[in-house]
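Working notes, structure below.
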Amino acid sequence: MNKTLIELFAGVGGFRLGFEKNGFETVWANQFEPSKKKQDAYECYIHNFGDSEVHSNEDINKVDEKKIPDHNVIVYGSPCQDYSVAHSNAKGIEGKKGVLFWEVVRLMKEKKPPFMLMENVDRLLKSPSKQRGRDFMVMCKSLNDLGYGLEWRVINAAEYGFPQKRKRIFLFGFHESTNYYKEFVAQDDKLNNGFFSKEFPIESISSKKSVVDIELEDDIVVISDTYQANLHNTGYVIEGRLHSVETIPPKINPVTLGDILEKDVDEKYYLNEDELEAWRYLKGAKSIPRVSKTGHSYTFTEGAIAFPDHLDRPARTMLTSEASKNRSSHVVRDPQTNRLRKITPVEAERINGFPDNWTEGLSDRMRYFCMGNALVVGLVEKMGKALSDIIDKEV
Ligand SMILES: C[S@@+](CC[C@H](N)C(=O)[O-])C[C@H]1O[C@@H](n2cnc3c(N)ncnc32)[C@H](O)[C@@H]1O
């Protein structure tokens with residue numbers, strides 16, 4: 001089996017970077033920022049990988065699945081949306097309009113790649129808040145119905161030696177036609193012998209959270225209408241049965257924000273004296289009386305966060321708003337000058353493990369934005385390694 005790959009919702013190409021380090025070849029990619037004339041992420045991707053014939057800048061909803069080249073792996077990081085389904089008139093099922101996951105299902109139905117890897121926010125496991133776990137179970141069921149076994153893990157990049165506390169769920173799918181599927185089904189200890197376990201070892205299984213074991217109903221609409229569960233950070237779905245436990249990673253010495261700082265940083269990233277008060281307020285603890293839309297009075301409270309950010313710890317999660325004067329944006333005390341400043345675009349790239357100046361050519365605001373959207377490259381590099389080893393054993 002060859003290591004051909006397609007990348008959807010490609011952004012600035014985090015998946016591709018990590019996978020190509022393990023011998024994968026990207027045969028098609030897609031990235032489109034709806035309602036934007038300037039396609040920054042797409043341009044950045046072309047600038048770095050240089051192959052516009054492979055990369056499509058079309059809305060995924062409009063892509064003709066029959067025109068996508070054959071491939072053995074599909075990777076994507078789609079937004080977290082409402083995945084509920086209903087019966088359609090034609091006795092089929094219907095998801096909400098505009099939900100991008102159904103576009104992935106449409107493509108996978110046509111192309112049936114043996115392997116799939118998805119990245120998403122960890123909140124996906126809990127959503128929607130009124131029916132926890134429903135969206136993820138609907139997702140698993142629809143992939144299971146296409147013939148895929150699934151394994152998932154919520155990974156905090158900082159816990160595996162990367163300089164950012166970024167918690168994301170990764171879902172690995174393997175088609176029932178693969179050798180890997182047969183091996184996985186036969187495996188007694190699936191948690192310690194699966195896709196994630198080699199590169200992301202588990203220290204132990206938490207006894208504080210009860211094991212979840214659910215038979216997924218044949219009718220996905222029943223799952224969508226009635227199922228809820230407190231799903232944990234680790235699990236798998238095989239032959240319609242979902243199993244989930246809370247696992248604990250081994251203790252390691254973290255890589256820190258201080259480890260990745262640039263030297264001789266441009267003056268424009270430093271905070272002005274007159275901005276300091278506003279920053280202190282944003283980062284500080286608050287207790288503010290407010291009135292809701294319905295006229296109900298309540299007190300809005302939030303605790304203080306580190307100001308400046310700790311240099312002896314990994315960075316906090318980088319958001320797309322990192323460019324703005326915002327409570328969640330990072331502020332560091334520069335070790336060279338002892339003055340406060342924002343992180344630079346290159347530092348934002350380093351926090352995600354992209355090469356320096358990967359997003360060069362975009363405005364600073366878009367450079368931070370693209371990094372807030374992107375993933376930690378080192379994590380998917382490890383996953384690319386695990387998948388490369390699996391594919392070597394396929395025919
Ligand atoms: C979470 S980001 C993925 C980032 C990527 N993994 C990276 O390393 O940069 C999701 C991407 O999906 C893109 N997107 C949103 N709606 C889309 C659509 N309808 N068609 C294609 N891409 C879309 C966004 O522009 C965004 O770049």
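Residue numbering restarts at 1 in every chain; chains get A, B, ... in the order shown in the structure tokens, and ligands count up from 1 in that same order.
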> When the cut-off is 6 Å and you count only C-alpha atoms and all ligand atoms, which residues lie near ligand 1, shown as an MDAnalysis selection string?
Replying inline: chainID A and resid 9:15 31:34 59:60 77:79 373:375
>> List the spatial neighbours of Thr178 in chain A as a list of chain:residue names - criterion: any atom at most 9 Å away, only C-alpha atoms, same-chain residues fewer than 4 positions off excluded.
In response: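 So, after excluding close chain neighbours, the residues are A:Pro114, A:Phe115, A:Phe174, A:Lys182, A:Glu183, A:Glu394, A:Val395.
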Wanna dump the range 200-275 of chain A-range 156-170 of chain A contacts at 12 Å for me, each residue with its shortest atom pair and the distance in Å to one decimal, counting only C-alpha atoms, ordered by chain and number, as JSON lines?
{"residue": "A:Phe200", "atom": "CA", "partner": "A:Tyr160", "partner_atom": "CA", "distance": 7.2}
{"residue": "A:Pro201", "atom": "CA", "partner": "A:Tyr160", "partner_atom": "CA", "distance": 9.2}
{"residue": "A:Ile202", "atom": "CA", "partner": "A:Tyr160", "partner_atom": "CA", "distance": 10.7}
{"residue": "A:Glu203", "atom": "CA", "partner": "A:Glu159", "partner_atom": "CA", "distance": 11.6}
{"residue": "A:Leu231", "atom": "CA", "partner": "A:Ile169", "partner_atom": "CA", "distance": 11.8}
{"residue": "A:His232", "atom": "CA", "partner": "A:Ile169", "partner_atom": "CA", "distance": 10.7}
{"residue": "A:Asn233", "atom": "CA", "partner": "A:Ile169", "partner_atom": "CA", "distance": 7.9}
{"residue": "A:Thr234", "atom": "CA", "partner": "A:Ile169", "partner_atom": "CA", "distance": 9.2}
{"residue": "A:Gly235", "atom": "CA", "partner": "A:Phe170", "partner_atom": "CA", "distance": 10.7}
{"residue": "A:Tyr236", "atom": "CA", "partner": "A:Phe170", "partner_atom": "CA", "distance": 11.5}
{"residue": "A:Ile248", "atom": "CA", "partner": "A:Glu159", "partner_atom": "CA", "distance": 9.9}
{"residue": "A:Pro249", "atom": "CA", "partner": "A:Glu159", "partner_atom": "CA", "distance": 7.0}
{"residue": "A:Pro250", "atom": "CA", "partner": "A:Glu159", "partner_atom": "CA", "distance": 7.9}
{"residue": "A:Lys251", "atom": "CA", "partner": "A:Glu159", "partner_atom": "CA", "distance": 7.5}
{"residue": "A:Ile252", "atom": "CA", "partner": "A:Glu159", "partner_atom": "CA", "distance": 7.0}
{"residue": "A:Asn253", "atom": "CA", "partner": "A:Gly161", "partner_atom": "CA", "distance": 7.3}
{"residue": "A:Pro254", "atom": "CA", "partner": "A:Gly161", "partner_atom": "CA", "distance": 5.4}
{"residue": "A:Val255", "atom": "CA", "partner": "A:Pro163", "partner_atom": "CA", "distance": 4.9}
{"residue": "A:Thr256", "atom": "CA", "partner": "A:Pro163", "partner_atom": "CA", "distance": 5.0}
{"residue": "A:Leu257", "atom": "CA", "partner": "A:Pro163", "partner_atom": "CA", "distance": 5.9}
{"residue": "A:Gly258", "atom": "CA", "partner": "A:Pro163", "partner_atom": "CA", "distance": 9.0}
{"residue": "A:Asp259", "atom": "CA", "partner": "A:Pro163", "partner_atom": "CA", "distance": 8.0}
{"residue": "A:Ile260", "atom": "CA", "partner": "A:Pro163", "partner_atom": "CA", "distance": 7.8}
{"residue": "A:Leu261", "atom": "CA", "partner": "A:Pro163", "partner_atom": "CA", "distance": 10.8}
> as a VMD selection string, which residues of range 77-153 of chain A does DSSP assign to strand (DSSP E)?
Replying inline: chain A and resid 85 to 87 93 to 95 115 to 121 148 to 153
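Among the candidate residues A:Val376, A:Tyr270, A:Gly240, A:Ser35, the one lying nearest to Thr317 in chain A is A:Val376, with distances computed using only C-alpha atoms.
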> So which bits of range 100-243 of chain A end up alpha helix (DSSP H) when you DSSP the backbone, as a PyMOL selection string?
Replying inline: chain A and resi 101-111+134-145+179-186+220-226
Show which residues sit within 8 Å of His55 in chain A, as a compact mmCIF listing (two decimals) with C-alpha atoms, in the first residue's frame. Count only C-alpha atoms, and ignore same-chain residues fewer than 4 positions away.
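As a result, part-v5.txt now contains:
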# COMPACT_ATOMS: atom_id res chain seq x y z
CA TRP A 28 -4.77 16.50 -3.14
CA ALA A 29 -5.59 19.19 -0.59
CA ASN A 30 -8.43 21.62 -0.03
CA GLN A 31 -8.68 24.92 1.84
CA ILE A 46 1.09 27.36 -1.95
CA ASP A 51 2.22 22.87 -5.92
